[in-house]
Structures are given as structure tokens and as C-alpha cells.
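Asks: After the C-alpha cells below, expect a handful of questions from me.
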Amino acid sequence: MPTNYNKGHGSPNYHTMKYYSTNHLSPMVDFKEATIQGQAPDKGLYFPEHIPVLPIDLIKNINSLSNEEIAYQVIAPYVGDCIPPDELKRIVQETVNFDIPLVGITDDISSLELYHGPTLAFKDIGARFMSRCLGYFVKNESKKVTVLVATSGDTGGAVANGFYDVDGVDVVILYPSGKVSSVQEKQLTTLGKNIHALEVSGTFDDCQQMVKQAFTDAALNEQLFLTSANSINVARWLPQQFYYFFAYKLWADKNNPPVIAVPSGNFGNICAGILAHASGLPVQHFIAACNANDVVPAFMQTERYEPKKSVSTISNAMDVGNPSNFIRILEIFSHKFSDLKNVVSSCSISDEETSNTLKEVYQKNKYLLDPHGAVGYLALQRYLNEHPAHKGFVLETAHPVKFFDVVEPIIGEKVPIPGAIQQQLLLEKKSVKIAADADLLKEFLFSIA
Ligand SMILES: *Cc1c(COP(=O)(O)O)cnc(C)c1O
């Protein structure tokens, strides 16, 4: 492999994997501290001091291993001795105990369906892993932990579901009013108990800004133990590597590794895939498929990273104007643009192209994509047209029913709604409406403390 991956900032020591901040102004921490803190005090993101090299047998014998065994081997070097092996095995097993099939759409393109978890989106994996790790870490703490999270749609539901009724943890979710689908909104506003939903009159970027400000507020942090459950948290980010390995197990032609298209917003998902590749997983190429929010596709052209205000699209979970995890991708490649370009391409797909793709694949191939998957599908199709020797798959990041308000008019048909979702749609929404103002969030957090 010609790519020079990050060789790390410390000496490899598998028992005590340490994480440094991408801003380099905070002390190194272990997995437990990184999970509890979320973001580093210097506002950087935590990154592993070295990228583990996986045992060659894991890849060679992958077809004889269970998903639980694969996942455990992948995550263990990152967790080190912060969680005992038996406990970590239990956590991993509870994280991956649903179907993740690789379904053929055409001869060249398959779909890795990541939406068979409880909230029908890939974020269930990261949220389930993180909630169980955090639950383990706070078991013997006297102070309650408050998980604070901004969502563009699916994070809220997955985090709410993952943390529901976990002892010692309160969850506060901020979401942009009117900008999430009806299924998504119900998933995060109907649970109650330790889950609080704040409906913000603003965009996802506003929500994220408010959360960022709360994390740096001295008075708040003195009284509360705040942490994030966004994909910047290592305990949400790292387990997303699992399903790239599961997909490789299901990939028939091991001599011709897959091109993988990842519908991307905050870039946590694709960054986990690239990390998996850097530690030894065979992958032909990655495609970061974006909607009209094209900061990264523009960067890949110009090498200039220029955050923008996010614009609303029909693939709303990717409406991100300043993707937090992109810095981690640069870190994986030690900020060498030429190495990054070898492994990753990126493109921007319009809403019109998204709907056309969704409709066409449904009519021609009898496969129903969701709008995010459709963005990935078209990006992959274009790439394969130019590289006909390869085949690939798209990560289907959400079940189409989550976006039935978008999907039904496109295909001109009703999307059958699973029973569990129908039940949820009948429940009453309970949210607190607030303006996009960090002081109001502060007030709210003090009020539930
Ligand atoms: C969150 C989400 C994405 C974007 O994932 P990132 O890790 O933020 O890039 C894509 N599709 C769906 C359905 C999502 O919920």
C-alpha cells in the first residue's frame, strides 16, 4: 500500500492506548477520559496516539469469525485496560446484535443495510456502544452525567434510544425545528424519563454552536458533568469501524476489494472506515458522497477548507456546513493531501439528482433507497463508470421509511411503515421550544440539574 498513514505520536503500548487532542494543547488521556470528556479541553478532537495494526489472521480468517469476535478484536486496542475483557465483550455483543446484510442492487453495486437497529439508522451502532461504555464508567460516580447533543436528525433518536433509562445519565438533545422528518422527531421527543428534547428555532449549525458554547462555559461545567454524544466522541466514532469489517466478510471477491461510498455529513462514519483501512482492512477506494453541502468536495478540488452555512436538502442528516470529523481524516493521513487523494474521492449530488436516482433504482432494480443512500448510490455509480474494473457498495445509512415524507412523493407510492414505527407516530411529542441562544440552553441545563 503506497499510502503513508499516520505513524503515531507515542510509543505503541496496547494496554494504555492514549488519545491526543488535534489542537495539541491538552494532555493525553485514555479511552475512559476521552469518552467522558467528549471534546478535549482545548476544543480539539481526541485521536489515538497510534493506529493499531490488526492481526493478519483477522483479515485472512474473517469468514470463520462471528461479528462479535471481529468487533471485539477491532475495538480492544482502542479501549486498552479501561474496560475488562468480559465486560467489553458483553458491550460489543449488545452493540451488534442485529442484522447488517449486504444486498445486491446491480451486478456492480450492493447496499450495506445499516438500518436494522432500533431507530433504523446506522447511528444505533455508535450510540449503543457509547451508552454502554459511559454507563459502565459512571456506575460508581456520585455525580450525574449530562449528555448534551445536537442532531441534524438521526443522532437524536439513536442517542435517546441508547441512553434511555440508563442510571446516572441525563440526555439533552437539541434539534432544528421543522428540519427533521416526522419519524425522526417522534423518536427523540416521545421517550421522556431521562431524555429531554429541545426544539431550537434555527439550523443544525445553530444547535451545534450552542452545544459547543455550553461545553466551554465555566459556570455550567463547575456545576454539571457535561459530555457530548456527537460523533466527535471516540466511543461513538470508533465502533463505526465494525460494519466495514462485517461487509468485507460478506464481500465475495476478496481479490478485488470494494469501492465504498459513504453518504457523509459530519464525516464520522467515513472517517471510521478510513481508520479501519489504515489498520489493515482491504478497501479499493472511499467515496465521500455529499449533498449540496459541499465543503469537502470543494476541498478535494482546491485544497482549501472553507466552512459554509449549511443549506437544507432532502438528505437532511447530511446538512452540515462545517463537518467536525474532517480534521480526523486529515490526521489519519498526517495532513498529506496527496495520500488523502489516493484513498478518498468526494462529490456533491443535488436534490434533483438524488430524487431521480431514488426513483430510477426503485423502478429499474426494485430496490428502495432512502435519500442519503441515493446520494451515495449515484456517487458510486459515477465512480464505477470511470473505473469499470471495480465493484462496490453504498452504506445505506437509514431505512427509507424514516423519510417517507420525502420518499413517497418521489416514487408515487406509499412506503409500508413497520409496526413499531406506527406505534411511535401515535405517541405525543414532548419538546421544549427555545430560540437559538446559548444563554437559554444554559438556563435549561441549570433547571434540570
Ligand atoms: C448521520 C447520518 C449521515 C451522516 O453521517 P456522518 O457520520 O455525520 O457523516 C448520513 N446518513 C444518515 C441517514 C445519517 O443519519
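Within each chain, counting starts at residue 1; across the C-alpha cells, chains are named A, B, ... in the order shown, with ligands numbered 1 upward in that order.
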Where does DSSP see strand (DSSP E or B) in segment 117-363 of chain A, if you list the residues as JSON, numbers by chain?

Replies: {"A": [121, 145, 146, 147, 148, 149, 150, 169, 170, 171, 172, 173, 174, 175, 176, 195, 196, 197, 198, 199, 200, 201, 225, 226, 227, 228, 259, 260, 261, 262, 263, 285, 286, 287, 288, 289, 290, 344, 345, 346, 347, 348]}

Asks: Taking only C-alpha atoms and all ligand atoms into account, which residues have an atom no farther than 6 Å from ligand 1? I'd like them as a list of chain:residue names.

Replies: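 Going residue by residue within 6 Å of ligand 1, we get A:Ala121, A:Asp154, A:Pro263, A:Ser264, A:Gly265, A:Asn266, A:Phe267, A:Gly268, A:Asn269, A:Ala317, A:Met318, A:His372, A:Thr397, A:Ala398.
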
Asks: Choose the residue, out of A:Val406, A:Met210, A:Val103, A:Leu275, that has the smallest atom-to-atom separation from Asn365 of chain A; count only C-alpha atoms.

Replies: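 Closest candidate: A:Val103.
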
Asks: If we count only C-alpha atoms and set the cut-off at 7 Å, which residues sit around segment 289-300 of chain A, ignoring sequence neighbours fewer than 4 positions away in its own chain? Please answer as a compact mmCIF listing (two decimals) with N, CA and C atoms, in the first residue's frame.

Replies:
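This is the output file result_19.txt:
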# COMPACT_ATOMS: atom_id res chain seq x y z
N ALA A 261 -18.89 3.73 -0.95
CA ALA A 261 -19.45 5.08 -0.96
C ALA A 261 -20.17 5.34 0.35
N VAL A 262 -19.82 6.43 1.00
CA VAL A 262 -20.39 6.75 2.31
C VAL A 262 -21.11 8.10 2.25
N PRO A 263 -22.45 8.09 2.41
CA PRO A 263 -23.17 9.35 2.49
C PRO A 263 -22.68 10.12 3.71
N SER A 264 -22.14 11.32 3.50
CA SER A 264 -21.40 11.98 4.58
C SER A 264 -21.94 13.35 4.94
N GLY A 265 -21.96 13.61 6.26
CA GLY A 265 -22.39 14.90 6.77
C GLY A 265 -21.34 15.46 7.71
N ARG A 304 -8.34 23.90 -0.25
CA ARG A 304 -8.68 24.93 0.73
C ARG A 304 -9.96 24.54 1.45
N TYR A 305 -9.89 24.52 2.79
CA TYR A 305 -11.05 24.13 3.60
C TYR A 305 -11.80 25.38 4.03
N GLU A 306 -12.99 25.58 3.44
CA GLU A 306 -13.75 26.78 3.75
C GLU A 306 -15.16 26.44 4.21
N PRO A 307 -15.37 26.43 5.56
CA PRO A 307 -16.70 26.12 6.10
C PRO A 307 -17.73 27.09 5.56
N LYS A 308 -18.96 26.57 5.40
CA LYS A 308 -20.04 27.41 4.89
C LYS A 308 -21.24 27.27 5.81
N SER A 310 -24.80 25.84 6.47
CA SER A 310 -25.42 24.66 5.87
C SER A 310 -26.70 25.05 5.15
N VAL A 311 -27.00 24.33 4.07
CA VAL A 311 -28.26 24.54 3.36
C VAL A 311 -29.14 23.31 3.54
N MET A 318 -27.35 15.05 6.43
CA MET A 318 -26.03 15.43 5.92
C MET A 318 -25.93 16.94 5.67
N ASP A 319 -26.88 17.69 6.25
CA ASP A 319 -26.85 19.15 6.06
C ASP A 319 -25.90 19.77 7.08
N VAL A 320 -24.61 19.65 6.79
CA VAL A 320 -23.58 20.11 7.71
C VAL A 320 -22.63 21.03 6.95
N GLY A 321 -22.43 22.22 7.49
CA GLY A 321 -21.62 23.21 6.79
C GLY A 321 -20.15 23.21 7.22
N SER A 346 -14.41 12.67 -3.44
CA SER A 346 -15.63 13.23 -2.88
C SER A 346 -16.42 13.92 -3.98
N CYS A 347 -17.74 13.87 -3.86
CA CYS A 347 -18.53 14.62 -4.83
C CYS A 347 -19.83 15.09 -4.20
N SER A 348 -20.44 16.07 -4.86
CA SER A 348 -21.65 16.69 -4.35
C SER A 348 -22.81 16.38 -5.30
N ILE A 349 -23.93 15.92 -4.74
CA ILE A 349 -25.08 15.49 -5.52
C ILE A 349 -26.26 16.40 -5.17
N SER A 350 -26.95 16.90 -6.20
CA SER A 350 -28.06 17.83 -5.94
C SER A 350 -29.32 17.07 -5.52
N VAL A 375 -27.88 9.44 -2.54
CA VAL A 375 -26.71 10.30 -2.78
C VAL A 375 -25.47 9.43 -2.94
N GLY A 376 -25.31 8.46 -2.05
CA GLY A 376 -24.16 7.56 -2.11
C GLY A 376 -24.17 6.70 -3.36
N ALA A 379 -23.10 8.68 -6.47
CA ALA A 379 -21.66 8.97 -6.39
C ALA A 379 -20.86 7.72 -6.76

Asks: Mind giving me the straight-line distance from atom CA of Trp251 of chain A to atom CA of Ser66 of chain A in Å, one decimal?

Replies: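 Value for the atom CA of Trp251 of chain A-atom CA of Ser66 of chain A distance: 14.9 Å.
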
Asks: Leaving out segment 92-99 of chain A and any residue of its chain fewer than 4 positions from it, which residues lie within 7 Å of it when counting only C-alpha atoms, given as a list in words?

Replies: Glu68, Ala71, Tyr72, Leu88, His116, Gly117, Ile125, Arg128 and Phe129 of chain A

Asks: Take the residues just selected and output them with all heavy atoms as a PDB file, in the first residue's frame.

Replies:
ATOM      1  N   GLU A  68     -19.378 -10.652  16.510  1.00  0.00           N
ATOM      2  CA  GLU A  68     -18.962 -10.268  17.866  1.00  0.00           C
ATOM      3  C   GLU A  68     -17.451 -10.387  18.027  1.00  0.00           C
ATOM      4  O   GLU A  68     -16.800  -9.511  18.589  1.00  0.00           O
ATOM      5  CB  GLU A  68     -19.635 -11.150  18.936  1.00  0.00           C
ATOM      6  CG  GLU A  68     -21.116 -10.937  19.113  1.00  0.00           C
ATOM      7  CD  GLU A  68     -21.953 -11.638  18.057  1.00  0.00           C
ATOM      8  OE1 GLU A  68     -21.392 -12.444  17.270  1.00  0.00           O
ATOM      9  OE2 GLU A  68     -23.159 -11.374  17.989  1.00  0.00           O
ATOM     10  N   ALA A  71     -15.702  -7.619  15.975  1.00  0.00           N
ATOM     11  CA  ALA A  71     -15.859  -6.314  16.608  1.00  0.00           C
ATOM     12  C   ALA A  71     -14.973  -6.201  17.849  1.00  0.00           C
ATOM     13  O   ALA A  71     -14.339  -5.156  18.082  1.00  0.00           O
ATOM     14  CB  ALA A  71     -17.327  -6.075  16.973  1.00  0.00           C
ATOM     15  N   TYR A  72     -14.909  -7.264  18.617  1.00  0.00           N
ATOM     16  CA  TYR A  72     -14.085  -7.225  19.824  1.00  0.00           C
ATOM     17  C   TYR A  72     -12.609  -7.028  19.470  1.00  0.00           C
ATOM     18  O   TYR A  72     -11.928  -6.185  20.057  1.00  0.00           O
ATOM     19  CB  TYR A  72     -14.271  -8.503  20.649  1.00  0.00           C
ATOM     20  CG  TYR A  72     -13.384  -8.514  21.865  1.00  0.00           C
ATOM     21  CD1 TYR A  72     -13.724  -7.773  23.002  1.00  0.00           C
ATOM     22  CD2 TYR A  72     -12.179  -9.219  21.864  1.00  0.00           C
ATOM     23  CE1 TYR A  72     -12.891  -7.752  24.107  1.00  0.00           C
ATOM     24  CE2 TYR A  72     -11.335  -9.193  22.964  1.00  0.00           C
ATOM     25  CZ  TYR A  72     -11.696  -8.458  24.087  1.00  0.00           C
ATOM     26  OH  TYR A  72     -10.862  -8.428  25.172  1.00  0.00           O
ATOM     27  N   LEU A  88     -16.249  -5.784  28.091  1.00  0.00           N
ATOM     28  CA  LEU A  88     -16.179  -5.241  26.734  1.00  0.00           C
ATOM     29  C   LEU A  88     -16.835  -6.209  25.738  1.00  0.00           C
ATOM     30  O   LEU A  88     -17.522  -5.776  24.810  1.00  0.00           O
ATOM     31  CB  LEU A  88     -14.719  -4.976  26.345  1.00  0.00           C
ATOM     32  CG  LEU A  88     -14.506  -4.294  24.983  1.00  0.00           C
ATOM     33  CD1 LEU A  88     -15.216  -2.941  24.914  1.00  0.00           C
ATOM     34  CD2 LEU A  88     -13.014  -4.113  24.680  1.00  0.00           C
ATOM     35  N   HIS A 116     -31.080  -1.790  10.392  1.00  0.00           N
ATOM     36  CA  HIS A 116     -31.951  -2.763  11.054  1.00  0.00           C
ATOM     37  C   HIS A 116     -31.891  -2.692  12.580  1.00  0.00           C
ATOM     38  O   HIS A 116     -32.371  -3.575  13.266  1.00  0.00           O
ATOM     39  CB  HIS A 116     -31.635  -4.174  10.546  1.00  0.00           C
ATOM     40  CG  HIS A 116     -31.892  -4.329   9.077  1.00  0.00           C
ATOM     41  ND1 HIS A 116     -33.160  -4.488   8.562  1.00  0.00           N
ATOM     42  CD2 HIS A 116     -31.064  -4.294   8.003  1.00  0.00           C
ATOM     43  CE1 HIS A 116     -33.098  -4.567   7.235  1.00  0.00           C
ATOM     44  NE2 HIS A 116     -31.839  -4.450   6.870  1.00  0.00           N
ATOM     45  N   GLY A 117     -31.301  -1.635  13.101  1.00  0.00           N
ATOM     46  CA  GLY A 117     -31.275  -1.425  14.549  1.00  0.00           C
ATOM     47  C   GLY A 117     -32.543  -0.736  15.037  1.00  0.00           C
ATOM     48  O   GLY A 117     -33.436  -0.446  14.239  1.00  0.00           O
ATOM     49  N   ILE A 125     -25.417   1.905  16.047  1.00  0.00           N
ATOM     50  CA  ILE A 125     -24.186   1.188  16.429  1.00  0.00           C
ATOM     51  C   ILE A 125     -23.344   2.040  17.385  1.00  0.00           C
ATOM     52  O   ILE A 125     -23.007   1.613  18.489  1.00  0.00           O
ATOM     53  CB  ILE A 125     -23.345   0.842  15.183  1.00  0.00           C
ATOM     54  CG1 ILE A 125     -24.129  -0.070  14.245  1.00  0.00           C
ATOM     55  CG2 ILE A 125     -22.000   0.259  15.578  1.00  0.00           C
ATOM     56  CD1 ILE A 125     -23.868  -1.530  14.418  1.00  0.00           C
ATOM     57  N   ARG A 128     -25.268   2.870  20.736  1.00  0.00           N
ATOM     58  CA  ARG A 128     -25.395   1.740  21.661  1.00  0.00           C
ATOM     59  C   ARG A 128     -24.060   1.437  22.342  1.00  0.00           C
ATOM     60  O   ARG A 128     -23.999   1.160  23.530  1.00  0.00           O
ATOM     61  CB  ARG A 128     -25.888   0.491  20.912  1.00  0.00           C
ATOM     62  CG  ARG A 128     -27.368   0.497  20.661  1.00  0.00           C
ATOM     63  CD  ARG A 128     -27.703  -0.267  19.397  1.00  0.00           C
ATOM     64  NE  ARG A 128     -27.734  -1.702  19.577  1.00  0.00           N
ATOM     65  CZ  ARG A 128     -28.800  -2.385  19.990  1.00  0.00           C
ATOM     66  NH1 ARG A 128     -29.905  -1.747  20.306  1.00  0.00           N
ATOM     67  NH2 ARG A 128     -28.772  -3.691  20.100  1.00  0.00           N
ATOM     68  N   PHE A 129     -22.985   1.505  21.561  1.00  0.00           N
ATOM     69  CA  PHE A 129     -21.670   1.235  22.147  1.00  0.00           C
ATOM     70  C   PHE A 129     -21.322   2.307  23.178  1.00  0.00           C
ATOM     71  O   PHE A 129     -20.932   2.015  24.301  1.00  0.00           O
ATOM     72  CB  PHE A 129     -20.613   1.185  21.046  1.00  0.00           C
ATOM     73  CG  PHE A 129     -19.253   0.797  21.545  1.00  0.00           C
ATOM     74  CD1 PHE A 129     -18.955  -0.531  21.805  1.00  0.00           C
ATOM     75  CD2 PHE A 129     -18.277   1.760  21.776  1.00  0.00           C
ATOM     76  CE1 PHE A 129     -17.703  -0.899  22.289  1.00  0.00           C
ATOM     77  CE2 PHE A 129     -17.018   1.397  22.255  1.00  0.00           C
ATOM     78  CZ  PHE A 129     -16.733   0.070  22.511  1.00  0.00           C
TER      79      PHE A 129
END

Asks: Measuring between only C-alpha atoms, which one of A:Lys89, A:Lys402, A:His390, A:His24 shows the shortest distance to Pro371 of chain A?

Replies: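 Checking each candidate against Pro371 of chain A, we get A:Lys402 as the closest.
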
Asks: Hey, what does DSSP flag as alpha helix (DSSP H) within segment 22-108 of chain A? Can you give it to me as a ChimeraX atom specification?

Replies: /A:31-37,56-60,67-79,85-95

Asks: I need the residue nearest Ala158 of chain A from this list: A:Lys123, A:His285, A:His50, A:Arg90. Use only C-alpha atoms for the distance.

Replies: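 Closest to Ala158 of chain A, using only C-alpha atoms: A:Lys123.
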
Asks: Name the closest residue to Ala214 of chain A among the candidates A:Ser201, A:Thr146, A:Gln363, A:Gln381; distances are taken between atoms, counting only C-alpha atoms.

Replies: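 Answer, going by the shortest atom-to-atom distance: A:Thr146.
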
Asks: Tell me, as number ranges by chain, which residues lie within 12 Å of Lys366 of chain A, counting only C-alpha atoms; anything in the same chain fewer than 2 positions away does not count.

Replies: A: 103-106, 358-364, 368-369, 411

Asks: Keeping only N, CA, C and O atoms, write the selected residues to a file as a PDB file, in the first residue's frame.

Replies:
ATOM      1  N   VAL A 103     -26.738  -6.318   0.390  1.00  0.00           N
ATOM      2  CA  VAL A 103     -27.764  -6.719  -0.564  1.00  0.00           C
ATOM      3  C   VAL A 103     -27.394  -6.223  -1.962  1.00  0.00           C
ATOM      4  O   VAL A 103     -27.111  -5.029  -2.146  1.00  0.00           O
ATOM      5  N   GLY A 104     -27.378  -7.115  -2.950  1.00  0.00           N
ATOM      6  CA  GLY A 104     -27.035  -6.717  -4.310  1.00  0.00           C
ATOM      7  C   GLY A 104     -28.139  -5.869  -4.936  1.00  0.00           C
ATOM      8  O   GLY A 104     -29.322  -6.181  -4.800  1.00  0.00           O
ATOM      9  N   ILE A 105     -27.758  -4.775  -5.608  1.00  0.00           N
ATOM     10  CA  ILE A 105     -28.742  -3.969  -6.346  1.00  0.00           C
ATOM     11  C   ILE A 105     -28.546  -4.181  -7.846  1.00  0.00           C
ATOM     12  O   ILE A 105     -29.484  -4.489  -8.563  1.00  0.00           O
ATOM     13  N   THR A 106     -27.301  -4.008  -8.322  1.00  0.00           N
ATOM     14  CA  THR A 106     -26.951  -4.340  -9.708  1.00  0.00           C
ATOM     15  C   THR A 106     -25.783  -5.330  -9.643  1.00  0.00           C
ATOM     16  O   THR A 106     -25.375  -5.728  -8.545  1.00  0.00           O
ATOM     17  N   LEU A 358     -33.188   7.893  -6.735  1.00  0.00           N
ATOM     18  CA  LEU A 358     -34.065   7.099  -5.878  1.00  0.00           C
ATOM     19  C   LEU A 358     -35.172   6.446  -6.709  1.00  0.00           C
ATOM     20  O   LEU A 358     -35.450   5.246  -6.596  1.00  0.00           O
ATOM     21  N   LYS A 359     -35.760   7.260  -7.590  1.00  0.00           N
ATOM     22  CA  LYS A 359     -36.861   6.789  -8.416  1.00  0.00           C
ATOM     23  C   LYS A 359     -36.397   5.716  -9.408  1.00  0.00           C
ATOM     24  O   LYS A 359     -37.030   4.665  -9.554  1.00  0.00           O
ATOM     25  N   GLU A 360     -35.271   5.992 -10.057  1.00  0.00           N
ATOM     26  CA  GLU A 360     -34.770   5.084 -11.077  1.00  0.00           C
ATOM     27  C   GLU A 360     -34.386   3.722 -10.491  1.00  0.00           C
ATOM     28  O   GLU A 360     -34.715   2.678 -11.055  1.00  0.00           O
ATOM     29  N   VAL A 361     -33.687   3.743  -9.361  1.00  0.00           N
ATOM     30  CA  VAL A 361     -33.251   2.481  -8.758  1.00  0.00           C
ATOM     31  C   VAL A 361     -34.475   1.687  -8.286  1.00  0.00           C
ATOM     32  O   VAL A 361     -34.513   0.464  -8.381  1.00  0.00           O
ATOM     33  N   TYR A 362     -35.481   2.403  -7.812  1.00  0.00           N
ATOM     34  CA  TYR A 362     -36.700   1.724  -7.388  1.00  0.00           C
ATOM     35  C   TYR A 362     -37.408   1.075  -8.583  1.00  0.00           C
ATOM     36  O   TYR A 362     -37.815  -0.081  -8.538  1.00  0.00           O
ATOM     37  N   GLN A 363     -37.515   1.843  -9.679  1.00  0.00           N
ATOM     38  CA  GLN A 363     -38.236   1.318 -10.843  1.00  0.00           C
ATOM     39  C   GLN A 363     -37.452   0.240 -11.581  1.00  0.00           C
ATOM     40  O   GLN A 363     -38.000  -0.793 -11.941  1.00  0.00           O
ATOM     41  N   LYS A 364     -36.155   0.481 -11.795  1.00  0.00           N
ATOM     42  CA  LYS A 364     -35.357  -0.457 -12.593  1.00  0.00           C
ATOM     43  C   LYS A 364     -34.917  -1.669 -11.797  1.00  0.00           C
ATOM     44  O   LYS A 364     -34.881  -2.773 -12.305  1.00  0.00           O
ATOM     45  N   LEU A 368     -35.484   0.011  -2.902  1.00  0.00           N
ATOM     46  CA  LEU A 368     -35.852   1.332  -2.388  1.00  0.00           C
ATOM     47  C   LEU A 368     -34.742   1.882  -1.498  1.00  0.00           C
ATOM     48  O   LEU A 368     -34.470   1.363  -0.415  1.00  0.00           O
ATOM     49  N   LEU A 369     -34.084   2.935  -2.001  1.00  0.00           N
ATOM     50  CA  LEU A 369     -33.055   3.637  -1.227  1.00  0.00           C
ATOM     51  C   LEU A 369     -33.716   4.724  -0.397  1.00  0.00           C
ATOM     52  O   LEU A 369     -34.821   5.174  -0.717  1.00  0.00           O
ATOM     53  N   ILE A 411     -41.574   8.360  -5.415  1.00  0.00           N
ATOM     54  CA  ILE A 411     -41.904   7.104  -6.097  1.00  0.00           C
ATOM     55  C   ILE A 411     -43.402   7.006  -6.406  1.00  0.00           C
ATOM     56  O   ILE A 411     -43.844   6.093  -7.089  1.00  0.00           O
TER      57      ILE A 411
END

Asks: Within 12 Å of segment 29-40 of chain A, which residues of segment 167-217 of chain A show up? Give each one with its shortest atom-to-atom distance in Å (one decimal) and the two atoms involved, counting only C-alpha atoms, rows by chain then rising residue number, as a tab-separated table.

Replies:
residue	atom	partner	partner_atom	distance
A:Val169	CA	A:Ile36	CA	11.4
A:Val211	CA	A:Gln39	CA	11.2
A:Lys212	CA	A:Gln39	CA	9.2
A:Gln213	CA	A:Gln39	CA	11.9
A:Ala214	CA	A:Gln39	CA	11.8
A:Phe215	CA	A:Gln39	CA	8.3
A:Thr216	CA	A:Gln39	CA	10.0

Asks: Deliver the residues from the most recent selection as a file, using all heavy atoms, as a PDB file, in the first residue's frame.

Replies:
ATOM      1  N   VAL A 169     -27.395   9.004  34.092  1.00  0.00           N
ATOM      2  CA  VAL A 169     -27.157   9.784  32.875  1.00  0.00           C
ATOM      3  C   VAL A 169     -28.435  10.531  32.458  1.00  0.00           C
ATOM      4  O   VAL A 169     -29.497   9.930  32.346  1.00  0.00           O
ATOM      5  CB  VAL A 169     -26.702   8.883  31.702  1.00  0.00           C
ATOM      6  CG1 VAL A 169     -26.431   9.704  30.455  1.00  0.00           C
ATOM      7  CG2 VAL A 169     -25.464   8.077  32.083  1.00  0.00           C
ATOM      8  N   VAL A 211     -24.289  23.971  21.636  1.00  0.00           N
ATOM      9  CA  VAL A 211     -23.695  22.870  22.401  1.00  0.00           C
ATOM     10  C   VAL A 211     -22.211  23.152  22.653  1.00  0.00           C
ATOM     11  O   VAL A 211     -21.708  23.001  23.768  1.00  0.00           O
ATOM     12  CB  VAL A 211     -23.888  21.533  21.646  1.00  0.00           C
ATOM     13  CG1 VAL A 211     -22.993  20.449  22.195  1.00  0.00           C
ATOM     14  CG2 VAL A 211     -25.342  21.098  21.708  1.00  0.00           C
ATOM     15  N   LYS A 212     -21.522  23.604  21.615  1.00  0.00           N
ATOM     16  CA  LYS A 212     -20.092  23.904  21.754  1.00  0.00           C
ATOM     17  C   LYS A 212     -19.861  24.950  22.832  1.00  0.00           C
ATOM     18  O   LYS A 212     -18.940  24.857  23.631  1.00  0.00           O
ATOM     19  CB  LYS A 212     -19.522  24.402  20.424  1.00  0.00           C
ATOM     20  CG  LYS A 212     -19.108  23.267  19.507  1.00  0.00           C
ATOM     21  CD  LYS A 212     -18.376  23.791  18.273  1.00  0.00           C
ATOM     22  CE  LYS A 212     -18.129  22.659  17.289  1.00  0.00           C
ATOM     23  NZ  LYS A 212     -17.936  23.143  15.917  1.00  0.00           N
ATOM     24  N   GLN A 213     -20.737  25.973  22.847  1.00  0.00           N
ATOM     25  CA  GLN A 213     -20.582  27.040  23.824  1.00  0.00           C
ATOM     26  C   GLN A 213     -20.815  26.527  25.245  1.00  0.00           C
ATOM     27  O   GLN A 213     -20.108  26.903  26.171  1.00  0.00           O
ATOM     28  CB  GLN A 213     -21.548  28.182  23.501  1.00  0.00           C
ATOM     29  CG  GLN A 213     -20.987  29.538  23.876  1.00  0.00           C
ATOM     30  CD  GLN A 213     -21.639  30.645  23.055  1.00  0.00           C
ATOM     31  OE1 GLN A 213     -21.849  30.491  21.849  1.00  0.00           O
ATOM     32  NE2 GLN A 213     -21.995  31.737  23.721  1.00  0.00           N
ATOM     33  N   ALA A 214     -21.810  25.658  25.398  1.00  0.00           N
ATOM     34  CA  ALA A 214     -22.096  25.104  26.728  1.00  0.00           C
ATOM     35  C   ALA A 214     -20.877  24.349  27.261  1.00  0.00           C
ATOM     36  O   ALA A 214     -20.555  24.425  28.448  1.00  0.00           O
ATOM     37  CB  ALA A 214     -23.309  24.182  26.663  1.00  0.00           C
ATOM     38  N   PHE A 215     -20.178  23.641  26.371  1.00  0.00           N
ATOM     39  CA  PHE A 215     -19.025  22.854  26.821  1.00  0.00           C
ATOM     40  C   PHE A 215     -17.883  23.736  27.323  1.00  0.00           C
ATOM     41  O   PHE A 215     -17.047  23.285  28.087  1.00  0.00           O
ATOM     42  CB  PHE A 215     -18.519  21.945  25.706  1.00  0.00           C
ATOM     43  CG  PHE A 215     -19.362  20.720  25.530  1.00  0.00           C
ATOM     44  CD1 PHE A 215     -19.948  20.419  24.321  1.00  0.00           C
ATOM     45  CD2 PHE A 215     -19.585  19.869  26.605  1.00  0.00           C
ATOM     46  CE1 PHE A 215     -20.739  19.292  24.167  1.00  0.00           C
ATOM     47  CE2 PHE A 215     -20.380  18.738  26.463  1.00  0.00           C
ATOM     48  CZ  PHE A 215     -20.957  18.457  25.239  1.00  0.00           C
ATOM     49  N   THR A 216     -17.850  24.985  26.886  1.00  0.00           N
ATOM     50  CA  THR A 216     -16.754  25.851  27.313  1.00  0.00           C
ATOM     51  C   THR A 216     -17.191  26.845  28.374  1.00  0.00           C
ATOM     52  O   THR A 216     -16.420  27.708  28.775  1.00  0.00           O
ATOM     53  CB  THR A 216     -16.173  26.629  26.108  1.00  0.00           C
ATOM     54  OG1 THR A 216     -17.235  27.343  25.479  1.00  0.00           O
ATOM     55  CG2 THR A 216     -15.548  25.686  25.098  1.00  0.00           C
TER      56      THR A 216
END

Asks: How many Å lie between atom CA of Ile195 of chain A and atom CA of Lys429 of chain A, rounded to one decimal?

Replies: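 A separation of 12.4 Å between them.
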
Asks: Just the number, please: distance in Å from atom CA of Leu250 of chain A to atom CA of Ser64 of chain A, one decimal.

Replies: 11.2 Å
